[in-house]
file input_8.cif (mmCIF, C-alpha atoms)
data_final
loop_
_atom_site.group_PDB
_atom_site.id
_atom_site.type_symbol
_atom_site.label_atom_id
_atom_site.label_comp_id
_atom_site.auth_asym_id
_atom_site.auth_seq_id
_atom_site.Cartn_x
_atom_site.Cartn_y
_atom_site.Cartn_z
ATOM 1 C CA MET A 19 0.000 0.000 0.000
ATOM 2 C CA PRO A 20 1.349 3.459 -0.788
ATOM 3 C CA ASN A 21 1.797 6.036 1.942
ATOM 4 C CA GLY A 22 -0.126 9.277 1.919
ATOM 5 C CA VAL A 23 0.385 12.933 2.672
ATOM 6 C CA ASP A 24 -1.800 14.990 4.973
ATOM 7 C CA GLN A 25 -3.778 17.911 3.516
ATOM 8 C CA ARG A 26 -1.969 20.416 5.751
ATOM 9 C CA PHE A 27 1.185 20.053 3.618
ATOM 10 C CA PHE A 28 -0.641 21.666 0.690
ATOM 11 C CA ASP A 29 -1.581 24.783 2.684
ATOM 12 C CA ALA A 30 0.907 27.654 2.368
ATOM 13 C CA PRO A 31 1.690 29.766 5.451
ATOM 14 C CA ASP A 32 0.709 33.416 5.552
ATOM 15 C CA GLU A 33 3.309 36.182 5.886
ATOM 16 C CA THR A 34 2.848 36.478 9.662
ATOM 17 C CA GLU A 35 3.561 32.749 10.078
ATOM 18 C CA VAL A 36 6.624 32.985 7.822
ATOM 19 C CA ILE A 37 8.076 35.843 9.880
ATOM 20 C CA ALA A 38 7.444 33.964 13.149
ATOM 21 C CA LEU A 39 9.036 30.758 11.809
ATOM 22 C CA ARG A 40 12.115 32.605 10.529
ATOM 23 C CA GLU A 41 12.585 34.078 13.978
ATOM 24 C CA ARG A 42 11.849 30.834 15.876
ATOM 25 C CA TYR A 43 14.324 28.717 13.891
ATOM 26 C CA GLY A 44 16.848 31.383 12.830
ATOM 27 C CA LEU A 45 16.115 30.963 9.126
ATOM 28 C CA PRO A 46 17.218 33.239 6.286
ATOM 29 C CA SER A 47 14.923 34.283 3.442
ATOM 30 C CA LYS A 48 16.366 31.578 1.146
ATOM 31 C CA PHE A 49 17.552 28.148 2.214
ATOM 32 C CA ILE A 50 18.055 24.555 1.106
ATOM 33 C CA LEU A 51 16.089 22.133 3.276
ATOM 34 C CA ALA A 52 16.696 18.507 4.286
ATOM 35 C CA VAL A 53 14.354 16.619 6.639
ATOM 36 C CA GLY A 54 14.974 13.327 8.403
ATOM 37 C CA THR A 55 16.601 11.591 11.330
ATOM 38 C CA ARG A 56 20.368 12.055 11.224
ATOM 39 C CA GLU A 57 21.582 8.508 10.580
ATOM 40 C CA PRO A 58 23.885 6.899 7.968
ATOM 41 C CA ARG A 59 21.193 5.701 5.526
ATOM 42 C CA LYS A 60 20.003 9.301 5.133
ATOM 43 C CA ASN A 61 23.386 9.986 3.509
ATOM 44 C CA LEU A 62 23.830 13.419 5.084
ATOM 45 C CA ASN A 63 27.632 13.245 4.935
ATOM 46 C CA TYR A 64 27.287 13.098 1.134
ATOM 47 C CA LEU A 65 25.030 16.158 1.274
ATOM 48 C CA PHE A 66 27.443 18.039 3.545
ATOM 49 C CA GLU A 67 30.404 17.251 1.266
ATOM 50 C CA SER A 68 28.428 18.308 -1.826
ATOM 51 C CA PHE A 69 27.327 21.523 -0.118
ATOM 52 C CA ASN A 70 30.913 22.242 0.943
ATOM 53 C CA ILE A 71 32.030 22.205 -2.723
ATOM 54 C CA LEU A 72 29.893 25.305 -3.325
ATOM 55 C CA PRO A 73 31.608 28.696 -3.263
ATOM 56 C CA GLU A 74 31.363 30.566 0.058
ATOM 57 C CA ARG A 75 29.112 33.219 -1.538
ATOM 58 C CA VAL A 76 26.573 30.614 -2.646
ATOM 59 C CA ARG A 77 26.562 28.852 0.739
ATOM 60 C CA ALA A 78 25.987 32.210 2.433
ATOM 61 C CA GLU A 79 23.108 33.096 0.066
ATOM 62 C CA ARG A 80 21.302 29.761 0.496
ATOM 63 C CA PRO A 81 22.346 28.003 3.701
ATOM 64 C CA LEU A 82 21.571 24.357 4.302
ATOM 65 C CA VAL A 83 18.896 23.742 6.958
ATOM 66 C CA ILE A 84 18.677 20.276 8.510
ATOM 67 C CA ILE A 85 15.499 19.303 10.369
ATOM 68 C CA GLY A 86 15.671 16.138 12.426
ATOM 69 C CA LYS A 87 17.032 14.593 15.566
ATOM 70 C CA PRO A 88 20.195 12.502 15.793
ATOM 71 C CA GLY A 89 19.539 8.803 15.179
ATOM 72 C CA TRP A 90 21.678 5.685 15.240
ATOM 73 C CA GLY A 91 25.199 5.578 13.783
ATOM 74 C CA SER A 92 27.506 8.456 13.125
ATOM 75 C CA VAL A 93 26.894 11.446 10.933
ATOM 76 C CA SER A 94 29.692 14.004 10.869
ATOM 77 C CA ALA A 95 28.032 17.339 11.511
ATOM 78 C CA PRO A 96 30.109 20.003 9.791
ATOM 79 C CA VAL A 97 31.311 23.083 11.602
ATOM 80 C CA ASP A 98 29.993 25.504 9.023
ATOM 81 C CA PRO A 99 28.111 28.733 9.758
ATOM 82 C CA HIS A 100 26.040 28.038 6.642
ATOM 83 C CA VAL A 101 24.642 24.737 7.929
ATOM 84 C CA ILE A 102 21.775 25.192 10.380
ATOM 85 C CA PHE A 103 20.559 22.323 12.561
ATOM 86 C CA THR A 104 17.072 22.987 13.904
ATOM 87 C CA GLY A 105 16.748 19.651 15.675
ATOM 88 C CA TYR A 106 13.163 18.570 16.175
ATOM 89 C CA VAL A 107 10.542 21.047 14.959
ATOM 90 C CA ASP A 108 6.930 21.162 16.051
ATOM 91 C CA ASP A 109 4.754 19.002 13.820
ATOM 92 C CA SER A 110 2.513 21.974 13.014
ATOM 93 C CA ASP A 111 5.536 23.968 11.754
ATOM 94 C CA LEU A 112 6.897 21.301 9.410
ATOM 95 C CA PRO A 113 4.521 21.838 6.446
ATOM 96 C CA LYS A 114 5.156 25.585 6.555
ATOM 97 C CA LEU A 115 8.933 25.101 6.521
ATOM 98 C CA TYR A 116 8.656 23.004 3.349
ATOM 99 C CA HIS A 117 6.760 25.891 1.739
ATOM 100 C CA MET A 118 9.463 28.355 2.777
ATOM 101 C CA ALA A 119 12.364 26.334 1.329
ATOM 102 C CA SER A 120 14.041 27.435 -1.895
ATOM 103 C CA LEU A 121 14.941 23.807 -2.550
ATOM 104 C CA PHE A 122 14.298 20.489 -0.796
ATOM 105 C CA VAL A 123 17.041 17.838 -0.951
ATOM 106 C CA PHE A 124 16.763 14.142 -0.174
ATOM 107 C CA PRO A 125 20.172 12.426 -0.419
ATOM 108 C CA SER A 126 19.045 9.084 1.061
ATOM 109 C CA LEU A 127 20.781 5.806 0.219
ATOM 110 C CA TYR A 128 17.583 3.758 0.531
ATOM 111 C CA GLU A 129 14.040 4.182 1.791
ATOM 112 C CA GLY A 130 10.927 2.137 2.219
ATOM 113 C CA PHE A 131 8.987 5.029 0.683
ATOM 114 C CA GLY A 132 10.408 8.538 1.215
ATOM 115 C CA ILE A 133 7.617 10.491 2.889
ATOM 116 C CA PRO A 134 9.632 13.758 3.149
ATOM 117 C CA VAL A 135 9.815 13.883 -0.672
ATOM 118 C CA LEU A 136 6.044 13.497 -0.916
ATOM 119 C CA GLU A 137 5.563 16.205 1.728
ATOM 120 C CA ALA A 138 7.868 18.581 -0.173
ATOM 121 C CA MET A 139 6.022 17.866 -3.426
ATOM 122 C CA ALA A 140 2.725 18.688 -1.681
ATOM 123 C CA ALA A 141 4.207 21.983 -0.489
ATOM 124 C CA SER A 142 5.324 22.946 -4.027
ATOM 125 C CA ALA A 143 9.010 22.925 -3.090
ATOM 126 C CA PRO A 144 11.462 22.124 -5.885
ATOM 127 C CA VAL A 145 12.841 18.666 -5.033
ATOM 128 C CA VAL A 146 16.191 17.002 -5.697
ATOM 129 C CA ALA A 147 16.550 13.394 -4.568
ATOM 130 C CA THR A 148 19.079 10.656 -5.057
ATOM 131 C CA ASN A 149 18.098 8.235 -7.782
ATOM 132 C CA ILE A 150 16.607 5.439 -5.665
ATOM 133 C CA PRO A 151 13.741 3.167 -6.770
ATOM 134 C CA SER A 152 11.368 3.800 -3.855
ATOM 135 C CA VAL A 153 11.240 7.541 -4.553
ATOM 136 C CA LYS A 154 11.046 7.163 -8.339
ATOM 137 C CA GLU A 155 8.093 4.817 -7.882
ATOM 138 C CA PHE A 156 5.817 7.573 -6.580
ATOM 139 C CA ALA A 157 7.516 10.813 -7.727
ATOM 140 C CA GLY A 158 8.102 9.686 -11.305
ATOM 141 C CA ASN A 159 9.507 12.465 -13.475
ATOM 142 C CA THR A 160 8.067 15.313 -11.380
ATOM 143 C CA ILE A 161 11.319 15.912 -9.443
ATOM 144 C CA ARG A 162 15.048 16.099 -10.225
ATOM 145 C CA TYR A 163 17.329 13.129 -9.495
ATOM 146 C CA VAL A 164 21.076 12.911 -8.882
ATOM 147 C CA GLU A 165 23.248 9.828 -8.772
ATOM 148 C CA LEU A 166 24.607 8.589 -5.466
ATOM 149 C CA ASP A 167 28.230 8.729 -6.550
ATOM 150 C CA ASN A 168 28.555 12.214 -8.031
ATOM 151 C CA LYS A 169 29.120 14.922 -5.400
ATOM 152 C CA LYS A 170 30.125 17.450 -8.027
ATOM 153 C CA ASP A 171 26.844 17.007 -9.909
ATOM 154 C CA PHE A 172 24.881 17.188 -6.662
ATOM 155 C CA SER A 173 26.775 20.349 -5.739
ATOM 156 C CA HIS A 174 25.977 21.855 -9.136
ATOM 157 C CA VAL A 175 22.253 21.169 -8.620
ATOM 158 C CA LEU A 176 22.387 22.825 -5.183
ATOM 159 C CA GLU A 177 23.970 25.963 -6.635
ATOM 160 C CA TRP A 178 21.357 26.837 -9.212
ATOM 161 C CA GLU A 179 17.676 27.570 -8.891
ATOM 162 C CA ILE A 180 15.767 24.662 -10.373
ATOM 163 C CA GLY A 181 13.205 25.312 -13.046
ATOM 164 C CA ALA A 182 11.083 22.529 -11.607
ATOM 165 C CA ASP A 183 7.463 21.975 -12.499
ATOM 166 C CA THR A 184 6.352 22.167 -8.880
ATOM 167 C CA LEU A 185 2.679 22.385 -9.859
ATOM 168 C CA ARG A 186 2.876 18.998 -11.616
ATOM 169 C CA ALA A 187 4.670 17.524 -8.593
ATOM 170 C CA GLN A 188 2.003 18.913 -6.279
ATOM 171 C CA GLU A 189 -0.781 17.454 -8.414
ATOM 172 C CA ARG A 190 0.970 14.078 -8.307
ATOM 173 C CA ALA A 191 1.210 14.355 -4.505
ATOM 174 C CA ARG A 192 -2.564 14.941 -4.358
ATOM 175 C CA THR A 193 -3.075 11.376 -5.599
ATOM 176 C CA PHE A 194 -1.288 9.992 -2.512
ATOM 177 C CA THR A 195 -3.836 10.507 0.234
ATOM 178 C CA TRP A 196 -4.321 8.541 3.439
ATOM 179 C CA ASN A 197 -7.920 7.954 2.359
ATOM 180 C CA ARG A 198 -6.644 6.244 -0.785
ATOM 181 C CA THR A 199 -4.295 4.102 1.293
ATOM 182 C CA ILE A 200 -7.131 3.081 3.627
ATOM 183 C CA GLN A 201 -9.397 2.262 0.671
ATOM 184 C CA GLU A 202 -6.715 0.133 -1.038
ATOM 185 C CA LEU A 203 -6.020 -1.722 2.209
ATOM 186 C CA SER A 204 -9.741 -2.247 2.797
ATOM 187 C CA ASP A 205 -10.204 -3.552 -0.778
ATOM 188 C CA TYR A 206 -7.237 -5.886 -0.376
ATOM 189 C CA LEU A 207 -8.524 -7.272 2.920
ATOM 190 C CA GLU A 208 -11.989 -7.730 1.504
ATOM 191 C CA ASP A 209 -10.630 -9.618 -1.508
ATOM 192 C CA THR A 210 -8.382 -11.742 0.696
ATOM 193 C CA LEU A 211 -11.057 -12.659 3.189
ATOM 194 C CA THR A 212 -13.745 -13.527 0.644
#
call {"tool": "encode", "arguments": {"input": "input_8.cif", "output": "structure tokens"}}
result
Amino acid sequence: MPNGVDQRFFDAPDETEVIALRERYGLPSKFILAVGTREPRKNLNYLFESFNILPERVRAERPLVIIGKPGWGSVSAPVDPHVIFTGYVDDSDLPKLYHMASLFVFPSLYEGFGIPVLEAMAASAPVVATNIPSVKEFAGNTIRYVELDNKKDFSHVLEWEIGADTLRAQERARTFTWNRTIQELSDYLEDTLT
């Protein structure tokens, strides 16, 4: 059964909320966003190394914001004034932060699904993800992919604004609802039990 995305991820914050969130989390007007528990399979070291390739000016203009708590294993957190760790954010703030991001990145090595990508698509954020099957299965060609072994290419994608078709990605995300998941599970159980 596919996962779903909650309706609140489609709703953009108003200007008052944006100002409050920038202040609460120390966010600049433009930033690159990554969301997920900090653990090896999330491949954050690859993201940090790719981000570090960028010129200082670019890193200063669009810092990297990491949302998520530390998990298992080791992830080398860089000492870089242009990398902001928010730690855990309130669940009600998360959808708004996706909307505020200039770019959402998902450098994961493997996933069962990749819910943060779906959430970013719902929020109309341009998305760059590593080329892994679980994400391609639901995102299709609505987002940009990078290979797992090319930090220079990933860095290049981080540097430039992406001319992504975020509207098409958002429409695709609208097909992944929890109601759909419940209906598919219900249909499956009914077929299995009859």
call {"tool": "residues_near_point", "arguments": {"input": "input_8.cif", "point": "(-6.4, 10.2, -1.9)", "cutoff": "12 Å", "atoms": "all atoms listed in the file", "output": "list in words"}}
result
Pro20, Asn21, Gly22, Val23, Asp24, Gln25, Glu189, Arg190, Ala191, Arg192, Thr193, Phe194, Thr195, Trp196, Asn197, Arg198, Thr199, Ile200, Gln201 and Glu202 of chain A
call {"tool": "atom_distance", "arguments": {"input": "input_8.cif", "atom1": "atom CA of Leu176 of chain A", "atom2": "atom CA of Glu41 of chain A"}}
result
24.3 Å
call {"tool": "closest_residue", "arguments": {"input": "input_8.cif", "among": "A:Lys154, A:Leu39, A:Ser47, A:Leu65", "to": "Asp108 of chain A", "atoms": "all atoms listed in the file"}}
result
A:Leu39
call {"tool": "closest_residue", "arguments": {"input": "input_8.cif", "among": "A:Ile37, A:Leu211, A:Ala78, A:Leu51", "to": "Ala138 of chain A", "atoms": "only C-alpha atoms"}}
result
A:Leu51
call {"tool": "closest_residue", "arguments": {"input": "input_8.cif", "among": "A:Met118, A:Thr34, A:Ile84, A:Pro151", "to": "Glu165 of chain A", "atoms": "only C-alpha atoms"}}
result
A:Pro151
call {"tool": "atom_distance", "arguments": {"input": "input_8.cif", "atom1": "atom CA of Ala30 of chain A", "atom2": "atom CA of Val146 of chain A"}}
result
20.3 Å
call {"tool": "residues_near_point", "arguments": {"input": "input_8.cif", "point": "(14.4, 23.0, -4.5)", "cutoff": "10 Å", "atoms": "all atoms listed in the file", "output": "PyMOL selection string"}}
result
chain A and resi 49-51+116+119-123+138-139+142-147+161-162+175-176+178-182+184
call {"tool": "resolve_selection", "arguments": {"input": "input_8.cif", "expression": "the PyMOL selection byres ((chain A and resi 82) around 9)", "output": "list in words"}}
result
Phe49, Ile50, Leu51, Ala52, Phe66, Phe69, Arg77, Arg80, Pro81, Val83, Ile84, His100, Val101, Ile102 and Phe103 of chain A
call {"tool": "resolve_selection", "arguments": {"input": "input_8.cif", "expression": "the PyMOL selection byres ((chain A and resi 95) around 10)", "output": "PyMOL selection string"}}
result
chain A and resi 56+62-63+66+92-94+96-98+101+103
